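Below is entry-v1.cif, which holds mmCIF, C-alpha atoms.
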data_my_file
#
loop_
_atom_site.label_atom_id
_atom_site.label_comp_id
_atom_site.auth_asym_id
_atom_site.auth_seq_id
_atom_site.Cartn_x
_atom_site.Cartn_y
_atom_site.Cartn_z
CA MET A 1 121.12 92.77 108.80
CA ALA A 2 120.48 95.46 106.17
CA TYR A 3 116.80 95.67 105.31
CA LEU A 4 115.52 96.02 101.75
CA SER A 5 113.56 99.14 102.67
CA ASP A 6 116.97 100.82 102.21
CA PRO A 7 117.00 101.73 98.48
CA LYS A 8 120.72 100.91 98.23
CA GLU A 9 120.06 97.35 99.36
CA THR A 10 117.22 96.98 96.85
CA VAL A 11 119.43 98.21 94.01
CA ALA A 12 122.24 95.84 95.10
CA VAL A 13 119.90 92.81 95.05
CA LEU A 14 118.45 93.73 91.66
CA LYS A 15 121.96 94.12 90.19
CA ARG A 16 123.16 90.86 91.76
CA TYR A 17 120.44 88.91 89.97
CA GLY A 18 120.19 91.07 86.83
CA PHE A 19 116.50 91.45 87.62
CA ALA A 20 114.32 93.31 85.11
CA PHE A 21 110.94 94.72 86.17
CA GLN A 22 108.03 93.20 84.28
CA LYS A 23 105.21 95.55 83.39
CA LYS A 24 102.73 92.68 83.01
CA PHE A 25 103.08 91.93 86.75
CA GLY A 26 102.70 95.57 87.82
CA GLN A 27 105.90 95.47 89.86
CA ASN A 28 106.68 98.48 92.08
CA PHE A 29 108.87 97.59 95.07
CA LEU A 30 108.46 99.54 98.30
CA ILE A 31 111.62 101.35 99.46
CA ASP A 32 110.38 103.26 102.51
CA ALA A 33 110.73 101.80 106.02
CA HIS A 34 108.11 104.14 107.56
CA VAL A 35 105.44 103.02 105.07
CA LEU A 36 106.42 99.40 105.67
CA ASP A 37 105.83 99.85 109.41
CA LYS A 38 102.48 101.56 108.76
CA ILE A 39 101.26 98.58 106.71
CA ILE A 40 102.30 95.98 109.28
CA ASP A 41 101.05 98.08 112.23
CA ALA A 42 97.69 98.62 110.50
CA ALA A 43 97.38 94.85 110.05
CA GLY A 44 98.17 94.36 113.74
CA VAL A 45 100.58 91.49 113.04
CA THR A 46 101.66 89.59 116.18
CA LYS A 47 103.63 86.43 117.03
CA ASP A 48 100.31 84.49 117.10
CA ASP A 49 99.49 85.26 113.46
CA THR A 50 99.76 83.41 110.19
CA VAL A 51 100.14 85.99 107.42
CA LEU A 52 99.50 85.52 103.71
CA GLU A 53 101.63 87.94 101.72
CA ILE A 54 100.57 88.42 98.11
CA GLY A 55 103.35 89.51 95.75
CA PRO A 56 106.39 89.61 98.06
CA GLY A 57 108.69 90.82 95.26
CA ILE A 58 112.30 90.64 96.49
CA GLY A 59 111.15 90.28 100.11
CA THR A 60 111.08 93.87 101.40
CA MET A 61 107.96 93.40 103.51
CA THR A 62 108.51 89.65 103.89
CA GLN A 63 111.61 90.21 106.05
CA VAL A 64 109.71 92.32 108.58
CA LEU A 65 106.64 90.04 108.52
CA CYS A 66 108.80 87.00 109.28
CA GLU A 67 110.21 88.77 112.32
CA ARG A 68 106.79 89.80 113.63
CA ALA A 69 104.51 86.86 112.72
CA LYS A 70 104.32 83.20 113.70
CA GLU A 71 104.32 82.12 110.04
CA VAL A 72 104.36 83.81 106.63
CA ILE A 73 103.07 82.29 103.39
CA ALA A 74 104.31 84.35 100.43
CA VAL A 75 102.68 83.79 97.02
CA GLU A 76 104.73 85.22 94.14
CA ILE A 77 103.74 84.92 90.46
CA ASP A 78 107.13 85.89 88.97
CA ARG A 79 109.37 82.79 88.97
CA ASN A 80 112.45 85.02 88.53
CA LEU A 81 111.90 86.31 92.08
CA ILE A 82 111.76 82.88 93.75
CA PRO A 83 115.56 82.31 93.98
CA ILE A 84 116.02 85.86 95.30
CA LEU A 85 113.55 85.13 98.11
CA THR A 86 114.59 81.57 98.95
CA GLU A 87 118.36 81.74 98.41
CA ASP A 88 119.13 85.32 99.35
CA THR A 89 116.96 87.97 101.00
CA CYS A 90 114.75 85.65 103.12
CA ARG A 91 116.83 82.47 103.32
CA MET A 92 117.38 82.94 107.09
CA TYR A 93 113.70 82.64 108.05
CA ASP A 94 112.41 79.17 108.91
CA ASN A 95 108.84 80.44 109.41
CA LEU A 96 108.47 81.35 105.71
CA THR A 97 106.82 79.30 102.95
CA VAL A 98 107.32 80.67 99.42
CA ILE A 99 104.86 79.57 96.72
CA ASN A 100 105.44 80.34 93.05
CA GLY A 101 101.93 80.84 91.71
CA ASP A 102 99.05 83.12 90.75
CA ILE A 103 97.06 84.11 93.86
CA LEU A 104 93.84 84.00 91.81
CA LYS A 105 94.48 80.30 91.13
CA THR A 106 95.92 79.42 94.55
CA ASP A 107 93.74 77.40 96.94
CA VAL A 108 94.03 79.79 99.88
CA GLU A 109 91.31 77.94 101.76
CA ALA A 110 93.43 74.76 101.68
CA LEU A 111 96.47 76.70 102.97
CA VAL A 112 94.40 77.95 105.92
CA ARG A 113 92.89 74.50 106.56
CA GLU A 114 96.35 72.89 106.62
CA ARG A 115 97.27 75.30 109.43
CA GLY A 116 94.29 74.48 111.64
CA GLY A 117 91.69 76.80 110.09
CA ARG A 118 92.42 79.78 112.35
CA PRO A 119 91.72 83.11 110.56
CA ILE A 120 94.80 84.52 108.83
CA LYS A 121 95.84 88.08 108.05
CA VAL A 122 96.49 89.11 104.46
CA VAL A 123 99.12 91.74 103.71
CA ALA A 124 100.14 92.92 100.24
CA ASN A 125 101.55 95.62 98.03
CA LEU A 126 99.11 94.80 95.24
CA PRO A 127 99.60 95.35 91.51
CA TYR A 128 97.01 98.03 90.72
CA TYR A 129 95.50 96.25 87.73
CA ILE A 130 94.50 93.22 89.78
CA THR A 131 93.48 94.72 93.14
CA THR A 132 89.71 94.25 92.77
CA PRO A 133 89.77 90.59 91.58
CA ILE A 134 92.11 89.62 94.44
CA VAL A 135 90.11 91.38 97.17
CA MET A 136 86.76 90.17 95.80
CA GLY A 137 88.10 86.62 95.49
CA LEU A 138 89.04 86.59 99.18
CA PHE A 139 85.61 88.00 100.11
CA GLU A 140 83.43 85.77 97.93
CA LYS A 141 85.13 82.49 98.85
CA HIS A 142 84.47 83.23 102.54
CA ILE A 143 88.05 82.26 103.43
CA PRO A 144 88.78 82.62 107.18
CA VAL A 145 90.53 86.00 107.10
CA GLU A 146 90.74 88.43 110.03
CA ASN A 147 91.81 91.42 107.97
CA ILE A 148 93.26 92.38 104.59
CA THR A 149 95.79 95.23 104.71
CA VAL A 150 96.92 96.27 101.26
CA MET A 151 98.74 98.98 99.39
CA VAL A 152 96.54 99.99 96.47
CA GLN A 153 96.09 102.87 94.06
CA ARG A 154 94.80 105.87 96.03
CA GLU A 155 91.73 106.15 93.82
CA VAL A 156 90.82 102.49 94.50
CA ALA A 157 91.22 102.94 98.28
CA GLU A 158 88.87 105.95 98.18
CA ARG A 159 86.39 103.95 96.10
CA MET A 160 86.48 101.16 98.68
CA GLN A 161 85.29 103.42 101.50
CA ALA A 162 83.02 105.79 99.50
CA GLY A 163 79.40 106.41 100.49
CA PRO A 164 76.17 107.00 98.48
CA GLY A 165 76.04 110.08 96.27
CA SER A 166 79.81 110.51 95.86
CA LYS A 167 81.56 110.11 92.50
CA ASP A 168 83.69 107.26 93.90
CA TYR A 169 80.69 105.25 95.14
CA GLY A 170 80.04 102.09 93.16
CA ALA A 171 79.89 98.30 93.11
CA LEU A 172 83.31 97.96 94.82
CA SER A 173 82.27 100.34 97.64
CA LEU A 174 79.17 98.24 98.31
CA ALA A 175 81.02 94.91 98.19
CA VAL A 176 83.58 96.19 100.70
CA GLN A 177 80.80 97.57 102.91
CA TYR A 178 78.98 94.22 102.81
CA TYR A 179 82.00 92.09 103.72
CA ALA A 180 84.25 94.38 105.75
CA GLU A 181 84.93 97.65 107.55
CA ALA A 182 87.37 99.84 105.62
CA TYR A 183 89.97 102.17 107.11
CA ILE A 184 92.59 104.13 105.14
CA ALA A 185 95.73 103.96 107.30
CA ALA A 186 98.08 106.07 105.16
CA TYR A 187 98.52 107.87 101.85
CA VAL A 188 101.79 107.04 100.10
CA PRO A 189 103.59 109.23 97.51
CA GLN A 190 105.15 107.84 94.32
CA ASN A 191 108.75 108.32 95.52
CA CYS A 192 108.33 105.48 98.05
CA PHE A 193 108.57 102.90 95.25
CA MET A 194 111.05 101.57 92.73
CA PRO A 195 110.25 102.11 89.92
CA ARG A 196 107.98 105.08 90.64
CA PRO A 197 104.34 104.42 89.71
CA ASN A 198 102.38 107.05 87.79
CA VAL A 199 99.79 107.44 90.55
CA GLY A 200 99.63 107.93 94.32
CA SER A 201 98.92 104.98 96.61
CA ALA A 202 97.16 104.32 99.89
CA VAL A 203 97.30 101.67 102.60
CA ILE A 204 93.82 100.38 103.40
CA ARG A 205 92.78 97.85 106.04
CA LEU A 206 89.66 95.80 105.46
CA THR A 207 88.50 94.13 108.69
CA LEU A 208 86.22 91.23 107.81
CA ARG A 209 82.76 91.29 109.38
CA LYS A 210 81.50 88.30 111.32
CA GLU A 211 78.04 88.99 109.89
CA PRO A 212 77.05 91.23 106.93
CA PRO A 213 75.31 94.50 107.94
CA VAL A 214 72.22 93.47 105.93
CA LYS A 215 70.47 90.12 105.61
CA VAL A 216 69.44 89.01 102.12
CA LYS A 217 67.77 85.92 100.70
CA SER A 218 70.45 85.59 98.04
CA GLU A 219 73.94 87.09 98.11
CA GLU A 220 74.28 86.24 94.43
CA ARG A 221 71.10 88.17 93.59
CA LEU A 222 72.20 91.16 95.70
CA PHE A 223 75.44 91.50 93.75
CA ALA A 224 73.65 91.00 90.43
CA VAL A 225 71.42 93.97 91.36
CA ILE A 226 74.46 96.02 92.46
CA ARG A 227 76.36 95.26 89.23
CA ALA A 228 73.29 96.20 87.18
CA ALA A 229 72.79 99.42 89.16
CA PHE A 230 76.30 100.68 88.38
CA ALA A 231 76.88 99.21 84.92
CA GLN A 232 75.72 102.47 83.31
CA ARG A 233 75.82 105.21 85.92
CA ARG A 234 74.01 107.84 83.86
CA LYS A 235 70.91 105.72 83.47
CA THR A 236 68.07 105.60 85.95
CA LEU A 237 67.92 102.40 87.99
CA VAL A 238 64.82 101.23 86.10
CA ASN A 239 66.69 101.32 82.80
CA SER A 240 69.84 99.80 84.30
CA LEU A 241 67.90 96.87 85.79
CA ALA A 242 65.90 96.30 82.60
CA GLY A 243 69.10 96.39 80.54
CA SER A 244 70.88 93.82 82.71
CA GLY A 245 71.37 90.40 81.15
CA GLU A 246 71.87 88.87 84.60
CA LEU A 247 68.46 89.88 85.97
CA ALA A 248 66.51 89.20 82.78
CA CYS A 249 63.65 91.53 83.73
CA THR A 250 61.48 93.86 81.65
CA LYS A 251 61.14 97.58 82.31
CA GLU A 252 57.68 96.96 83.76
CA GLU A 253 59.08 94.35 86.16
CA ALA A 254 61.86 96.74 87.17
CA VAL A 255 59.31 99.49 87.92
CA ALA A 256 57.21 97.01 89.96
CA ALA A 257 60.28 95.90 91.92
CA LEU A 258 61.24 99.50 92.77
CA ARG A 259 57.70 100.24 93.94
CA ALA A 260 57.63 97.08 96.06
CA ALA A 261 60.92 98.14 97.68
CA GLY A 262 59.53 101.63 98.36
CA LEU A 263 61.85 103.38 95.90
CA PRO A 264 61.01 106.11 93.36
CA GLU A 265 61.07 105.16 89.66
CA THR A 266 63.47 108.01 88.86
CA VAL A 267 66.19 106.99 91.33
CA ARG A 268 69.75 106.20 90.20
CA GLY A 269 71.83 103.40 91.66
CA GLU A 270 74.47 105.76 93.07
CA ALA A 271 71.88 107.32 95.41
CA LEU A 272 70.98 104.05 97.16
CA THR A 273 72.41 102.61 100.37
CA LEU A 274 73.39 98.98 100.80
CA ALA A 275 70.19 98.42 102.85
CA GLN A 276 68.01 99.80 100.04
CA LEU A 277 69.74 97.66 97.42
CA ALA A 278 69.38 94.63 99.72
CA ALA A 279 65.62 95.26 100.01
CA LEU A 280 65.40 95.60 96.22
CA SER A 281 67.28 92.32 95.66
CA ASP A 282 64.84 90.49 97.96
CA VAL A 283 61.90 91.86 95.96
CA PHE A 284 63.37 90.24 92.84
CA GLU A 285 63.02 86.89 94.58
CA LYS A 286 59.23 87.32 94.66
CA PRO A 287 56.60 87.25 91.91
CA TYR A 288 55.16 90.71 91.16
#
As structure tokens - that is how I would like this structure written.
Amino acid sequence: MAYLSDPKETVAVLKRYGFAFQKKFGQNFLIDAHVLDKIIDAAGVTKDDTVLEIGPGIGTMTQVLCERAKEVIAVEIDRNLIPILTEDTCRMYDNLTVINGDILKTDVEALVRERGGRPIKVVANLPYYITTPIVMGLFEKHIPVENITVMVQREVAERMQAGPGSKDYGALSLAVQYYAEAYIAAYVPQNCFMPRPNVGSAVIRLTLRKEPPVKVKSEERLFAVIRAAFAQRRKTLVNSLAGSGELACTKEEAVAALRAAGLPETVRGEALTLAQLAALSDVFEKPY
């Protein structure tokens, strides 16, 4: 069988169906077999695994996943791609379920529950504009996921594993750190896609933690503090907290909270570790 990682095969399929790329879906199909292997190897896909593939496109990665995994659930938003997947490129696989839908509106928890509740692996070549909502949605819903291995914009991958004090460090870095361990498995140039994106990409694996590295009284409050801390990076943390609609605190209360958490009044959010922000969020649970 000719695999779709061969650009000639991809072009042939697209011509056969008269397929037109849709900008609104951020479609960039992978056409490099080596990168494909790096993604699936990083995810550690085996014959015991159920894999959720987000945005299978014409089935380039789906073909290889079906051969390596026990079962593949592919969620594709573009209805024009469904006949290509089900009647052509992946029709030979009986361990594949194709769902036409928006992953942000799909009940992934129900899909996992229907298959016995064993943690799944998530693999995707994600549209860049929607990377963060998809990853955060999987985190926040506490869906049983072993790891998430995704192709994302290089800049986003670097933000996901950034540490305090760096220009890439922000709310996404802290969310990833709280829920998972991040590892960049490969950097991918633009010529590995059709059509070529304007930016470089990276493959990142997020291995879900069994327990967060910090304990907090309220996860919701922790992330409200984190969002406030990075909403306006140039401001000091006192001003960022006081200006946050979510926390509804005065400048005086913000100063008192920082003191109670053992932090200087002049500190900026980007200088703080997850542990320091966790301590600060717990202080907000108490009267001053």
Find the residues near segment 212-226 of chain A: any atom within 12 Å, counting all atoms listed in the file, skip ones fewer than 5 places away on the same chain, and give them as a VMD selection string. chain A and resid 136 139 to 140 142 169 to 181 207 231 to 233 237 to 238 240 to 249 254 257 to 258 268 to 286
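Atom CA of Val188 of chain A is found 14.0 Å from atom CA of Thr149 of chain A.
Interatomic distance, atom CA of Asn191 of chain A against atom CA of Val64 of chain A: 20.7 Å.
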Selection result of the PyMOL selection byres ((chain A and resi 103-107) around 9) on this file, as a VMD selection string: chain A and resid 54 to 55 75 to 77 101 to 102 108 to 111 133 to 134 137
Can you work out the spacing between atom CA of Ala229 of chain A and atom CA of Val156 of chain A in Å, to one decimal? 19.1 Å
Residues within 12 Å of segment 89-93 of chain A, please, as an mmCIF file with C-alpha atoms, in the frame of the given file. Count only C-alpha atoms; anything in the same chain fewer than 6 positions from it doesn't count.
data_model
loop_
_atom_site.group_PDB
_atom_site.id
_atom_site.type_symbol
_atom_site.label_atom_id
_atom_site.label_comp_id
_atom_site.auth_asym_id
_atom_site.auth_seq_id
_atom_site.Cartn_x
_atom_site.Cartn_y
_atom_site.Cartn_z
ATOM 1 C CA MET A 1 121.120 92.770 108.800
ATOM 2 C CA ALA A 2 120.480 95.460 106.170
ATOM 3 C CA TYR A 3 116.800 95.670 105.310
ATOM 4 C CA LEU A 4 115.520 96.020 101.750
ATOM 5 C CA SER A 5 113.560 99.140 102.670
ATOM 6 C CA GLU A 9 120.060 97.350 99.360
ATOM 7 C CA THR A 10 117.220 96.980 96.850
ATOM 8 C CA ALA A 12 122.240 95.840 95.100
ATOM 9 C CA VAL A 13 119.900 92.810 95.050
ATOM 10 C CA LEU A 14 118.450 93.730 91.660
ATOM 11 C CA ARG A 16 123.160 90.860 91.760
ATOM 12 C CA TYR A 17 120.440 88.910 89.970
ATOM 13 C CA PRO A 56 106.390 89.610 98.060
ATOM 14 C CA GLY A 57 108.690 90.820 95.260
ATOM 15 C CA ILE A 58 112.300 90.640 96.490
ATOM 16 C CA GLY A 59 111.150 90.280 100.110
ATOM 17 C CA THR A 60 111.080 93.870 101.400
ATOM 18 C CA MET A 61 107.960 93.400 103.510
ATOM 19 C CA THR A 62 108.510 89.650 103.890
ATOM 20 C CA GLN A 63 111.610 90.210 106.050
ATOM 21 C CA VAL A 64 109.710 92.320 108.580
ATOM 22 C CA LEU A 65 106.640 90.040 108.520
ATOM 23 C CA CYS A 66 108.800 87.000 109.280
ATOM 24 C CA GLU A 67 110.210 88.770 112.320
ATOM 25 C CA ARG A 68 106.790 89.800 113.630
ATOM 26 C CA ALA A 69 104.510 86.860 112.720
ATOM 27 C CA LYS A 70 104.320 83.200 113.700
ATOM 28 C CA GLU A 71 104.320 82.120 110.040
ATOM 29 C CA VAL A 72 104.360 83.810 106.630
ATOM 30 C CA ILE A 73 103.070 82.290 103.390
ATOM 31 C CA ALA A 74 104.310 84.350 100.430
ATOM 32 C CA LEU A 81 111.900 86.310 92.080
ATOM 33 C CA ILE A 82 111.760 82.880 93.750
ATOM 34 C CA PRO A 83 115.560 82.310 93.980
#
Which segment 158-277 of chain A residues have any atom within 10 Å of an atom of segment 123-128 of chain A, and for each, what is the nearest pair of atoms with distance in Å to one decimal, counting all atoms listed in the file, rows sorted by chain and number, as CSV?
residue,atom,partner,partner_atom,distance
A:Pro197,CA,A:Tyr128,CA,9.8
A:Val199,CA,A:Tyr128,CA,9.8
A:Ser201,CA,A:Tyr128,CA,9.3
A:Ala202,CA,A:Asn125,CA,9.9
A:Val203,CA,A:Asn125,CA,8.7
A:Arg205,CA,A:Val123,CA,9.1
Counting all atoms listed in the file, the residue of A:Glu211, A:Glu114, A:Asp94, A:Glu146 that sits nearest Asp49 of chain A: A:Glu146
Selection as a PDB file with C-alpha atoms, keeping the file's coordinate frame: residues within 12 Å of (55.1, 98.4, 90.0), counting all atoms listed in the file:
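That gives us part-v7.pdb:
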ATOM      1  CA  VAL A 238      64.820 101.230  86.100  1.00  0.00           C
ATOM      2  CA  THR A 250      61.480  93.860  81.650  1.00  0.00           C
ATOM      3  CA  LYS A 251      61.140  97.580  82.310  1.00  0.00           C
ATOM      4  CA  GLU A 252      57.680  96.960  83.760  1.00  0.00           C
ATOM      5  CA  GLU A 253      59.080  94.350  86.160  1.00  0.00           C
ATOM      6  CA  ALA A 254      61.860  96.740  87.170  1.00  0.00           C
ATOM      7  CA  VAL A 255      59.310  99.490  87.920  1.00  0.00           C
ATOM      8  CA  ALA A 256      57.210  97.010  89.960  1.00  0.00           C
ATOM      9  CA  ALA A 257      60.280  95.900  91.920  1.00  0.00           C
ATOM     10  CA  LEU A 258      61.240  99.500  92.770  1.00  0.00           C
ATOM     11  CA  ARG A 259      57.700 100.240  93.940  1.00  0.00           C
ATOM     12  CA  ALA A 260      57.630  97.080  96.060  1.00  0.00           C
ATOM     13  CA  ALA A 261      60.920  98.140  97.680  1.00  0.00           C
ATOM     14  CA  GLY A 262      59.530 101.630  98.360  1.00  0.00           C
ATOM     15  CA  LEU A 263      61.850 103.380  95.900  1.00  0.00           C
ATOM     16  CA  PRO A 264      61.010 106.110  93.360  1.00  0.00           C
ATOM     17  CA  GLU A 265      61.070 105.160  89.660  1.00  0.00           C
ATOM     18  CA  VAL A 283      61.900  91.860  95.960  1.00  0.00           C
ATOM     19  CA  PHE A 284      63.370  90.240  92.840  1.00  0.00           C
ATOM     20  CA  PRO A 287      56.600  87.250  91.910  1.00  0.00           C
ATOM     21  CA  TYR A 288      55.160  90.710  91.160  1.00  0.00           C
TER      22      TYR A 288
END
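Each of A:Met160, A:Leu85, A:Val135, A:Met151 was checked against Pro189 of chain A using all atoms listed in the file; the smallest atom-to-atom distance is that of A:Met151.
With all atoms listed in the file as the basis for measurement, A:Ala157 is the residue among A:Leu208, A:Ala20, A:Ala157, A:Val122 that approaches Ala186 of chain A most closely.
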